[in-house]
$ cat protein03.cif   # mmCIF, C-alpha atoms and all ligand atoms
data_upload
#
loop_
_atom_site.label_atom_id
_atom_site.label_comp_id
_atom_site.auth_asym_id
_atom_site.auth_seq_id
_atom_site.Cartn_x
_atom_site.Cartn_y
_atom_site.Cartn_z
CA MET A 1 14.25 15.11 -18.03
CA THR A 2 15.26 16.40 -14.64
CA ARG A 3 17.23 15.08 -11.73
CA VAL A 4 16.81 16.31 -8.18
CA HIS A 5 19.98 16.50 -6.16
CA ILE A 6 19.78 17.02 -2.41
CA GLN A 7 22.95 17.56 -0.39
CA ASP A 8 23.40 17.68 3.37
CA LEU A 9 19.83 18.89 3.85
CA SER A 10 18.68 19.82 7.35
CA ILE A 11 15.23 20.99 8.30
CA LYS A 12 14.36 22.19 11.76
CA PHE A 13 11.11 23.28 13.32
CA GLY A 14 12.35 25.21 16.36
CA SER A 15 14.78 22.84 18.06
CA ASN A 16 13.23 19.75 16.44
CA GLU A 17 15.52 18.59 13.64
CA VAL A 18 13.12 16.68 11.41
CA ILE A 19 15.50 16.07 8.48
CA LYS A 20 19.09 15.34 9.46
CA HIS A 21 21.94 15.92 6.99
CA LEU A 22 20.16 14.10 4.21
CA ASP A 23 21.79 13.31 0.84
CA LEU A 24 19.63 12.04 -2.00
CA ASP A 25 20.11 11.90 -5.76
CA VAL A 26 16.80 11.40 -7.57
CA HIS A 27 17.55 10.20 -11.10
CA SER A 28 15.94 11.85 -14.07
CA GLY A 29 12.70 10.09 -15.03
CA GLU A 30 12.60 7.70 -12.10
CA PHE A 31 9.68 6.87 -9.81
CA LEU A 32 11.25 7.35 -6.41
CA VAL A 33 9.20 6.39 -3.36
CA LEU A 34 9.90 7.80 0.10
CA LEU A 35 8.75 5.13 2.56
CA GLY A 36 8.68 5.25 6.33
CA PRO A 37 6.45 5.30 9.38
CA SER A 38 4.20 8.25 10.12
CA GLY A 39 6.17 11.20 11.48
CA CYS A 40 9.55 10.22 10.00
CA GLY A 41 9.75 13.38 7.88
CA LYS A 42 8.52 12.27 4.44
CA SER A 43 6.06 15.13 3.90
CA THR A 44 8.53 17.61 5.32
CA LEU A 45 11.14 16.50 2.78
CA LEU A 46 8.66 16.62 -0.10
CA HIS A 47 7.33 20.05 0.89
CA THR A 48 10.88 21.31 1.13
CA ILE A 49 11.64 20.16 -2.42
CA ALA A 50 8.51 22.07 -3.49
CA GLY A 51 9.75 25.17 -1.67
CA LEU A 52 7.08 25.20 1.02
CA ASN A 53 9.47 24.89 4.00
CA PRO A 54 12.51 26.97 4.87
CA VAL A 55 15.79 25.05 4.73
CA SER A 56 18.03 25.03 7.81
CA GLY A 57 21.12 23.78 5.97
CA GLY A 58 22.29 22.13 2.77
CA SER A 59 21.10 22.49 -0.81
CA ILE A 60 18.51 21.34 -3.34
CA HIS A 61 19.27 21.32 -7.06
CA ILE A 62 16.48 20.69 -9.56
CA GLY A 63 17.93 20.03 -12.99
CA GLU A 64 21.24 21.87 -12.91
CA GLN A 65 19.88 24.83 -10.96
CA ASP A 66 20.34 25.59 -7.29
CA MET A 67 16.74 25.94 -6.08
CA THR A 68 17.45 25.95 -2.34
CA GLN A 69 16.03 29.45 -1.89
CA ALA A 70 13.80 29.65 -5.00
CA GLU A 71 10.10 30.47 -4.84
CA PRO A 72 7.78 27.43 -5.26
CA SER A 73 6.52 28.72 -8.62
CA GLN A 74 10.08 28.95 -9.97
CA ARG A 75 10.97 25.33 -9.28
CA GLY A 76 9.18 23.55 -12.12
CA VAL A 77 7.56 21.06 -9.76
CA GLY A 78 3.92 20.00 -9.47
CA MET A 79 2.51 18.76 -6.20
CA VAL A 80 -0.40 16.46 -5.33
CA PHE A 81 -1.44 16.50 -1.70
CA GLN A 82 -3.03 13.79 0.42
CA SER A 83 -6.24 15.72 0.99
CA TYR A 84 -7.09 17.01 -2.45
CA ALA A 85 -9.00 20.25 -2.31
CA LEU A 86 -10.94 20.73 -5.53
CA TYR A 87 -12.97 23.88 -6.03
CA PRO A 88 -16.54 22.63 -5.41
CA THR A 89 -18.26 25.25 -7.57
CA MET A 90 -16.02 24.69 -10.60
CA THR A 91 -16.41 21.94 -13.17
CA VAL A 92 -13.69 19.34 -13.70
CA LYS A 93 -12.51 21.33 -16.70
CA GLU A 94 -12.32 24.57 -14.71
CA ASN A 95 -10.53 22.80 -11.89
CA LEU A 96 -7.95 21.45 -14.34
CA ALA A 97 -7.57 24.81 -16.05
CA PHE A 98 -7.21 26.79 -12.84
CA PRO A 99 -3.43 26.47 -12.35
CA LEU A 100 -2.92 27.45 -15.99
CA LYS A 101 -5.21 30.47 -15.67
CA MET A 102 -3.24 31.59 -12.62
CA ALA A 103 -0.06 31.29 -14.69
CA LYS A 104 -1.71 33.35 -17.49
CA THR A 105 -1.29 30.57 -20.05
CA PRO A 106 -2.58 31.56 -23.52
CA LYS A 107 -6.05 30.15 -24.27
CA ALA A 108 -5.11 27.72 -27.05
CA GLU A 109 -2.24 26.29 -25.00
CA LEU A 110 -4.53 26.00 -21.96
CA GLU A 111 -7.14 24.09 -23.98
CA ARG A 112 -4.52 21.75 -25.39
CA ARG A 113 -3.03 20.93 -21.99
CA VAL A 114 -6.39 20.41 -20.27
CA ALA A 115 -7.52 18.09 -23.07
CA ALA A 116 -4.26 16.13 -22.92
CA ALA A 117 -4.39 15.73 -19.14
CA ALA A 118 -8.08 14.76 -19.24
CA ASP A 119 -7.35 12.17 -21.90
CA MET A 120 -4.42 10.71 -19.98
CA LEU A 121 -6.44 10.45 -16.76
CA GLN A 122 -9.67 9.26 -18.41
CA LEU A 123 -11.55 12.38 -17.40
CA THR A 124 -12.68 13.52 -20.85
CA ALA A 125 -16.28 12.35 -20.36
CA LEU A 126 -16.43 14.06 -16.96
CA LEU A 127 -15.17 17.52 -17.87
CA GLU A 128 -18.49 19.29 -17.30
CA ARG A 129 -19.22 17.65 -13.94
CA ARG A 130 -18.66 19.22 -10.56
CA PRO A 131 -16.64 17.50 -7.79
CA ALA A 132 -19.79 16.49 -5.88
CA GLN A 133 -20.84 14.44 -8.92
CA LEU A 134 -17.62 12.43 -8.93
CA SER A 135 -16.47 9.33 -7.04
CA GLY A 136 -13.49 9.56 -4.68
CA GLY A 137 -11.22 8.00 -7.27
CA GLN A 138 -12.36 10.39 -9.99
CA ARG A 139 -11.80 13.35 -7.68
CA GLN A 140 -8.30 12.19 -6.93
CA ARG A 141 -7.66 11.84 -10.66
CA VAL A 142 -8.69 15.48 -11.09
CA ALA A 143 -6.30 16.46 -8.30
CA ILE A 144 -3.49 14.59 -10.07
CA GLY A 145 -4.59 16.22 -13.33
CA ARG A 146 -4.14 19.66 -11.84
CA ALA A 147 -0.49 18.85 -11.25
CA VAL A 148 -0.15 17.18 -14.66
CA VAL A 149 -1.48 20.18 -16.69
CA ARG A 150 1.42 22.26 -15.49
CA GLU A 151 3.67 19.85 -17.37
CA ALA A 152 6.08 20.01 -14.47
CA LYS A 153 9.33 18.17 -14.98
CA VAL A 154 9.12 16.88 -11.43
CA LEU A 155 5.90 15.63 -9.89
CA LEU A 156 5.68 15.38 -6.10
CA LEU A 157 2.93 13.22 -4.64
CA ASP A 158 2.19 13.06 -0.91
CA GLU A 159 0.17 9.92 -0.04
CA PRO A 160 -2.26 10.67 -2.89
CA LEU A 161 -4.15 7.39 -2.50
CA SER A 162 -4.45 7.15 1.27
CA ASN A 163 -7.98 8.55 1.45
CA LEU A 164 -9.36 5.98 -0.98
CA ASP A 165 -10.79 2.55 -0.26
CA ALA A 166 -8.68 -0.53 -0.95
CA LYS A 167 -10.07 -1.42 -4.38
CA LEU A 168 -9.76 2.12 -5.75
CA ARG A 169 -6.28 2.39 -4.32
CA THR A 170 -5.20 -0.66 -6.28
CA ASP A 171 -6.79 0.67 -9.49
CA LEU A 172 -5.31 4.14 -9.18
CA ARG A 173 -1.94 2.68 -8.25
CA ARG A 174 -1.89 0.93 -11.61
CA GLU A 175 -3.02 4.11 -13.36
CA LEU A 176 -0.26 6.11 -11.72
CA LYS A 177 2.34 3.69 -12.94
CA THR A 178 0.95 3.87 -16.48
CA LEU A 179 0.84 7.66 -16.21
CA HIS A 180 4.48 7.73 -15.25
CA GLY A 181 5.27 5.56 -18.26
CA ARG A 182 3.52 8.03 -20.56
CA LEU A 183 4.78 11.27 -18.98
CA GLY A 184 8.31 10.00 -18.40
CA ASN A 185 8.90 12.75 -15.84
CA THR A 186 10.64 12.47 -12.50
CA MET A 187 8.23 11.44 -9.75
CA ILE A 188 8.81 11.56 -6.02
CA TYR A 189 6.07 9.75 -4.15
CA VAL A 190 5.51 9.63 -0.40
CA THR A 191 3.79 6.73 1.32
CA HIS A 192 3.80 4.76 4.57
CA ASP A 193 2.32 1.79 2.70
CA GLN A 194 5.01 -0.72 1.81
CA VAL A 195 2.86 -2.45 -0.81
CA GLU A 196 2.45 0.85 -2.65
CA ALA A 197 6.18 1.43 -2.42
CA MET A 198 7.06 -2.05 -3.67
CA THR A 199 4.68 -1.91 -6.63
CA LEU A 200 5.31 1.65 -7.81
CA ALA A 201 8.95 2.42 -7.18
CA THR A 202 11.94 2.20 -9.44
CA ARG A 203 13.82 2.85 -6.19
CA ILE A 204 12.63 3.06 -2.59
CA VAL A 205 14.10 5.38 0.03
CA VAL A 206 13.38 3.97 3.50
CA MET A 207 13.38 6.71 6.15
CA HIS A 208 13.35 6.63 9.93
CA GLN A 209 13.36 9.76 12.12
CA GLY A 210 14.66 12.01 9.37
CA VAL A 211 17.51 9.70 8.38
CA ILE A 212 17.70 7.53 5.26
CA GLN A 213 18.10 3.86 6.21
CA GLN A 214 18.44 2.48 2.70
CA ILE A 215 18.03 3.43 -0.96
CA GLY A 216 17.46 0.56 -3.35
CA THR A 217 15.20 -1.19 -5.82
CA PRO A 218 12.18 -2.92 -4.28
CA ALA A 219 13.99 -6.26 -4.62
CA GLU A 220 17.13 -4.95 -2.90
CA VAL A 221 15.20 -3.47 -0.01
CA TYR A 222 13.23 -6.70 0.42
CA ASP A 223 16.00 -9.25 -0.07
CA LYS A 224 18.98 -7.31 1.28
CA PRO A 225 17.74 -4.88 3.92
CA ASN A 226 20.59 -2.85 5.48
CA ASN A 227 19.23 -3.25 8.96
CA LEU A 228 16.44 -4.73 11.06
CA ARG A 229 14.37 -1.56 10.80
CA VAL A 230 14.18 -1.84 7.01
CA ALA A 231 13.70 -5.60 7.21
CA GLY A 232 10.76 -5.11 9.57
CA PHE A 233 9.17 -2.29 7.59
CA VAL A 234 8.83 -4.09 4.26
CA GLY A 235 7.00 -7.37 3.92
CA SER A 236 3.70 -8.57 5.37
CA PRO A 237 3.42 -10.45 7.66
CA ALA A 238 6.56 -8.87 9.06
CA ILE A 239 9.85 -10.72 8.88
CA ASN A 240 10.38 -13.21 11.75
CA ARG A 241 13.15 -12.41 14.20
CA VAL A 242 14.92 -14.78 16.53
CA GLU A 243 17.32 -13.25 19.05
CA GLY A 244 20.16 -15.38 20.30
CA GLN A 245 23.90 -15.64 20.50
CA VAL A 246 26.91 -17.34 19.01
CA GLY A 247 27.28 -20.67 20.79
CA ASP A 248 30.01 -23.27 20.48
CA GLY A 249 30.87 -25.21 17.33
CA GLY A 250 29.90 -22.36 14.99
CA ARG A 251 26.28 -22.54 15.98
CA PHE A 252 23.67 -19.91 16.79
CA ALA A 253 21.74 -20.63 19.96
CA ALA A 254 18.33 -19.21 20.79
CA PRO A 255 15.51 -20.35 23.07
CA GLY A 256 13.96 -23.43 21.45
CA LEU A 257 16.38 -23.75 18.56
CA THR A 258 19.99 -23.89 17.44
CA VAL A 259 21.10 -23.28 13.87
CA ALA A 260 24.45 -23.74 12.14
CA LEU A 261 25.90 -20.32 11.35
CA PRO A 262 26.86 -19.64 7.73
CA ALA A 263 30.58 -20.27 7.13
CA VAL A 264 31.55 -16.58 7.11
CA LEU A 265 29.92 -16.02 10.51
CA ALA A 266 31.10 -19.22 12.20
CA SER A 267 34.26 -17.62 13.58
CA ARG A 268 32.48 -14.78 15.37
CA PRO A 269 33.16 -14.62 19.11
CA GLN A 270 31.15 -16.90 21.35
CA GLY A 271 28.48 -15.02 23.27
CA GLU A 272 28.04 -12.30 20.64
CA ARG A 273 24.38 -11.34 20.34
CA LEU A 274 22.93 -11.88 16.88
CA THR A 275 19.47 -11.82 15.37
CA LEU A 276 18.36 -14.35 12.81
CA ALA A 277 15.61 -13.05 10.55
CA VAL A 278 13.58 -14.98 8.03
CA ARG A 279 10.61 -14.02 5.92
CA PRO A 280 7.37 -15.98 6.49
CA GLU A 281 7.53 -17.50 2.99
CA HIS A 282 10.91 -19.01 3.85
CA VAL A 283 9.67 -20.89 6.92
CA ARG A 284 9.07 -24.56 6.12
CA LEU A 285 6.73 -26.96 7.89
CA GLY A 286 7.12 -30.74 7.81
CA ALA A 287 8.03 -33.83 9.79
CA GLU A 288 11.64 -33.68 8.57
CA GLN A 289 12.18 -30.14 9.93
CA PRO A 290 14.43 -29.55 12.99
CA PHE A 291 12.35 -27.45 15.43
CA GLU A 292 9.06 -27.87 17.23
CA ALA A 293 6.24 -25.36 17.66
CA GLU A 294 2.54 -25.20 18.39
CA VAL A 295 0.11 -23.80 15.83
CA GLN A 296 -1.60 -20.79 17.42
CA LEU A 297 -3.70 -19.58 14.52
CA VAL A 298 -4.33 -20.29 10.85
CA GLU A 299 -5.28 -17.22 8.80
CA PRO A 300 -6.75 -18.02 5.40
CA LEU A 301 -5.96 -15.54 2.61
CA GLY A 302 -7.62 -17.45 -0.21
CA ASN A 303 -4.71 -18.69 -2.29
CA GLN A 304 -2.38 -18.86 0.70
CA HIS A 305 -2.45 -19.20 4.48
CA VAL A 306 -0.55 -17.59 7.31
CA ILE A 307 0.31 -20.07 10.04
CA TRP A 308 1.18 -18.47 13.37
CA LEU A 309 3.53 -20.61 15.43
CA ALA A 310 4.49 -20.44 19.11
CA CYS A 311 8.01 -21.62 19.83
CA ALA A 312 9.74 -21.22 23.19
CA GLY A 313 7.80 -18.10 24.10
CA SER A 314 8.12 -16.33 20.76
CA THR A 315 5.69 -16.11 17.86
CA MET A 316 6.60 -16.78 14.25
CA SER A 317 4.64 -16.77 11.04
CA ALA A 318 4.84 -19.03 8.02
CA VAL A 319 3.12 -18.38 4.69
CA LEU A 320 2.03 -21.52 2.89
CA GLN A 321 0.55 -21.81 -0.58
CA GLY A 322 -2.73 -23.65 -1.09
CA GLN A 323 -4.67 -25.50 1.60
CA PRO A 324 -2.67 -26.11 4.79
CA GLU A 325 -2.83 -29.48 6.48
CA VAL A 326 -2.35 -28.11 9.98
CA GLN A 327 -4.81 -27.59 12.81
CA GLU A 328 -4.81 -24.89 15.45
CA GLY A 329 -3.36 -26.26 18.68
CA ALA A 330 -1.39 -29.01 16.91
CA LYS A 331 2.33 -29.60 17.40
CA VAL A 332 4.27 -29.16 14.16
CA ARG A 333 7.89 -29.20 13.07
CA PHE A 334 9.38 -26.22 11.26
CA GLY A 335 12.66 -24.95 9.87
CA PHE A 336 14.15 -22.16 7.78
CA GLU A 337 15.33 -22.11 4.21
CA ALA A 338 19.04 -21.68 4.96
CA ALA A 339 19.91 -19.66 1.83
CA LYS A 340 17.19 -17.11 2.65
CA THR A 341 18.05 -16.65 6.32
CA MET A 342 19.42 -13.20 7.18
CA TRP A 343 21.75 -12.30 10.04
CA PHE A 344 22.02 -9.05 11.96
CA ASP A 345 24.49 -7.89 14.60
CA ALA A 346 23.62 -6.47 18.03
CA ALA A 347 23.23 -2.99 16.51
CA GLY A 348 20.72 -4.37 14.01
CA GLU A 349 23.02 -4.08 10.95
CA ARG A 350 22.84 -6.90 8.43
CA LEU A 351 25.89 -9.14 8.19
CA GLU A 352 26.86 -10.50 4.75
CA ALA A 353 26.41 -14.24 4.91
N1 LIG A 401 5.14 23.02 10.15
C1 LIG A 401 5.62 22.27 11.15
N2 LIG A 401 5.93 22.80 12.35
C2 LIG A 401 6.43 22.05 13.35
N3 LIG A 401 6.67 20.73 13.27
C3 LIG A 401 6.38 20.12 12.11
C4 LIG A 401 5.84 20.84 10.99
N4 LIG A 401 5.67 19.96 9.98
C5 LIG A 401 6.07 18.77 10.45
N5 LIG A 401 6.50 18.84 11.72
C6 LIG A 401 7.02 17.73 12.52
O1 LIG A 401 7.96 17.04 11.75
C7 LIG A 401 7.90 15.64 11.97
C8 LIG A 401 7.76 14.93 10.64
O2 LIG A 401 6.49 15.20 10.10
P1 LIG A 401 6.08 14.79 8.63
O3 LIG A 401 7.12 15.24 7.68
O4 LIG A 401 4.70 15.28 8.42
O5 LIG A 401 6.10 13.20 8.73
P2 LIG A 401 5.51 12.09 7.73
O6 LIG A 401 5.05 12.78 6.48
O7 LIG A 401 6.65 11.16 7.50
O8 LIG A 401 4.40 11.43 8.47
C9 LIG A 401 6.76 15.41 12.92
O9 LIG A 401 7.31 15.25 14.21
C10 LIG A 401 5.96 16.69 12.83
O10 LIG A 401 5.31 16.96 14.04
MG MG A 402 3.09 12.90 5.69
#
$ encode --input "protein03.cif" --output "structure tokens" --more "lines below"
Ligand SMILES: Nc1ncnc2c1ncn2[C@@H]1O[C@H](COP(=O)(O)OP(=O)(O)O)[C@@H](O)[C@H]1O
Ligand SMILES: [Mg+2]
Amino acid sequence: MTRVHIQDLSIKFGSNEVIKHLDLDVHSGEFLVLLGPSGCGKSTLLHTIAGLNPVSGGSIHIGEQDMTQAEPSQRGVGMVFQSYALYPTMTVKENLAFPLKMAKTPKAELERRVAAAADMLQLTALLERRPAQLSGGQRQRVAIGRAVVREAKVLLLDEPLSNLDAKLRTDLRRELKTLHGRLGNTMIYVTHDQVEAMTLATRIVVMHQGVIQQIGTPAEVYDKPNNLRVAGFVGSPAINRVEGQVGDGGRFAAPGLTVALPAVLASRPQGERLTLAVRPEHVRLGAEQPFEAEVQLVEPLGNQHVIWLACAGSTMSAVLQGQPEVQEGAKVRFGFEAAKTMWFDAAGERLEA
């Protein structure tokens, strides 16, 4: 088992500082997911752990060893890239064996490892095929297998599922989780897909412009986001935001609605700008609710529906289970589940409520 310990890491390309004084402790055996929008530095961080980028400052320890300046082959990490390049003229078996051949692994050991990886990834029946005779999902399994045969203590995966169609992505996502259970090694997985992050991760690291915004379990990141950026990045449809200010009588006032502030926030100065945020599944519809809106659109999702509401110039979404009894264009009343409402200050930081 191997931990990865990153301290005060900076990575620059010319004058562009892509990773900014980053600290991260990846626990031994965990499935850590780096999540963030395109361009935030996820691949750069992963490649740097693998030894493929020069470090501008700080250190990387893998296990107990300082690997900051070590060659990629010395680090004991395996890497799976987004665009998996298999050798087209080699069979699956030869593709799997290739990294071991390069490392001059003895024949018997090579055979054992290839067979084990093939078994784990359900490739045994396909060993004599060539990449052109495989589906996209099978090819990606071979690419993962090439990292697995090295029996690396740390596996780095950079958006390995993003080139697959939705159904395959879901299947392989489940397989990856099972694989992690069997291998028990440390995995660091990069994605911009929050569903992938939520379903795979033991912990999620949310990044923005080279800076970690939050590290937490999927539930922590979803239920207790540190700031509005994190809140907005996880969850679909995105969390609803209402901008307003502290009014009189411990109330929050926004266009079209006023809400009693939670007790701990009631004494904040009048006029202070706050943002109320509430997830679509915590918006309630019904005649007894306090606010009025017009239904703009009803999106059916089979077992649930997304109701898009227009209220005083802003748009809000509500997710309802089952068949909705609302019509587009109708006036409805809505409200928020008070215990699930989140509050953020003018800088976008969440306030404990
Ligand atoms: N080899 C490189 N040379 C110069 N700039 C780079 C290089 N690699 C990445 N960058 C820049 O670093 C930033 C982060 O890129 P990347 O790590 O690929 O983001 P992500 O994987 O989160 O989408 C981008 O602005 C990108 O242009
Ligand atoms: Mg990337």
$ residues_near_ligand --input "protein03.cif" --ligand "ligand MG 402 (chain A)" --cutoff "7 Å" --atoms "all atoms listed in the file" --output "mmCIF file with C-alpha atoms, in the frame of the given file"
data_model
loop_
_atom_site.group_PDB
_atom_site.id
_atom_site.type_symbol
_atom_site.label_atom_id
_atom_site.label_comp_id
_atom_site.auth_asym_id
_atom_site.auth_seq_id
_atom_site.Cartn_x
_atom_site.Cartn_y
_atom_site.Cartn_z
ATOM 1 C CA SER A 38 4.200 8.250 10.120
ATOM 2 C CA GLY A 39 6.170 11.200 11.480
ATOM 3 C CA LYS A 42 8.520 12.270 4.440
ATOM 4 C CA SER A 43 6.060 15.130 3.900
ATOM 5 C CA ASP A 158 2.190 13.060 -0.910
#
$ residues_near_ligand --input "protein03.cif" --ligand "ligand LIG 401 (chain A)" --cutoff "10 Å" --atoms "all atoms listed in the file" --output "ChimeraX atom specification"
/A:11-19,34-48,52-54,158-159,190-192,207-210
$ atom_distance --input "protein03.cif" --atom1 "atom CA of Ala219 of chain A" --atom2 "atom CA of Thr315 of chain A"
25.9 Å
$ closest_residue --input "protein03.cif" --among "A:Asn226, A:Gln289, A:Thr217, A:Gln194" --to "Ala238 of chain A" --atoms "all atoms listed in the file"
A:Gln194
$ atom_distance --input "protein03.cif" --atom1 "atom CA of Arg146 of chain A" --atom2 "atom CA of Gly51 of chain A"
18.1 Å
$ closest_residue --input "protein03.cif" --among "A:Met120, A:Val221, A:Ile60, A:Ile215" --to "Leu176 of chain A" --atoms "only C-alpha atoms"
A:Met120
$ atom_distance --input "protein03.cif" --atom1 "atom CA of Gln69 of chain A" --atom2 "atom CA of Gln7 of chain A"
13.8 Å
$ closest_residue --input "protein03.cif" --among "A:Ile188, A:Arg130, A:Gln122, A:Lys107" --to "Val4 of chain A" --atoms "all atoms listed in the file"
A:Ile188
$ residues_around --input "protein03.cif" --residues "Arg350 of chain A" --least-positions-apart "5" --cutoff "8 Å" --atoms "only C-alpha atoms" --output "ChimeraX atom specification"
/A:225-228,342-345
$ residues_around --input "protein03.cif" --residues "Phe81 of chain A" --least-positions-apart "6" --cutoff "9 Å" --atoms "all atoms listed in the file" --output "list in words"
Ala143, Ile144, Leu156, Leu157, Asp158, Glu159 and Pro160 of chain A
$ residues_around --input "protein03.cif" --residues "Leu100 of chain A" --least-positions-apart "2" --cutoff "10 Å" --atoms "only C-alpha atoms" --output "number ranges by chain"
A: 94-98, 102-107, 109-111, 113-114, 146, 149-150
$ residues_near_point --input "protein03.cif" --point "(-0.7, -17.3, 3.3)" --cutoff "6 Å" --atoms "only C-alpha atoms" --output "PyMOL selection string"
chain A and resi 301+304-306+319-320
$ residues_around --input "protein03.cif" --residues "Ala330 of chain A" --least-positions-apart "2" --cutoff "6 Å" --atoms "all atoms listed in the file" --output "number ranges by chain"
A: 294-295, 327-328
$ closest_residue --input "protein03.cif" --among "A:Thr258, A:Leu179, A:Leu32, A:Gln321" --to "Gly216 of chain A" --atoms "all atoms listed in the file"
A:Leu32
$ residues_around --input "protein03.cif" --residues "Leu309 of chain A" --least-positions-apart "3" --cutoff "9 Å" --atoms "only C-alpha atoms" --output "number ranges by chain"
A: 293-297, 314-318, 332
$ write_last_selection --input "protein03.cif" --atoms "C-alpha atoms" --output "short mmCIF file (atom, residue, chain, number, x, y, z; two decimals), keeping the file's coordinate frame"
data_model
loop_
_atom_site.label_atom_id
_atom_site.label_comp_id
_atom_site.auth_asym_id
_atom_site.auth_seq_id
_atom_site.Cartn_x
_atom_site.Cartn_y
_atom_site.Cartn_z
CA ALA A 293 6.24 -25.36 17.66
CA GLU A 294 2.54 -25.20 18.39
CA VAL A 295 0.11 -23.80 15.83
CA GLN A 296 -1.60 -20.79 17.42
CA LEU A 297 -3.70 -19.58 14.52
CA SER A 314 8.12 -16.33 20.76
CA THR A 315 5.69 -16.11 17.86
CA MET A 316 6.60 -16.78 14.25
CA SER A 317 4.64 -16.77 11.04
CA ALA A 318 4.84 -19.03 8.02
CA VAL A 332 4.27 -29.16 14.16
#
$ closest_residue --input "protein03.cif" --among "A:Pro237, A:Gly313, A:Gly250, A:Gly322" --to "Arg279 of chain A" --atoms "all atoms listed in the file"
A:Pro237
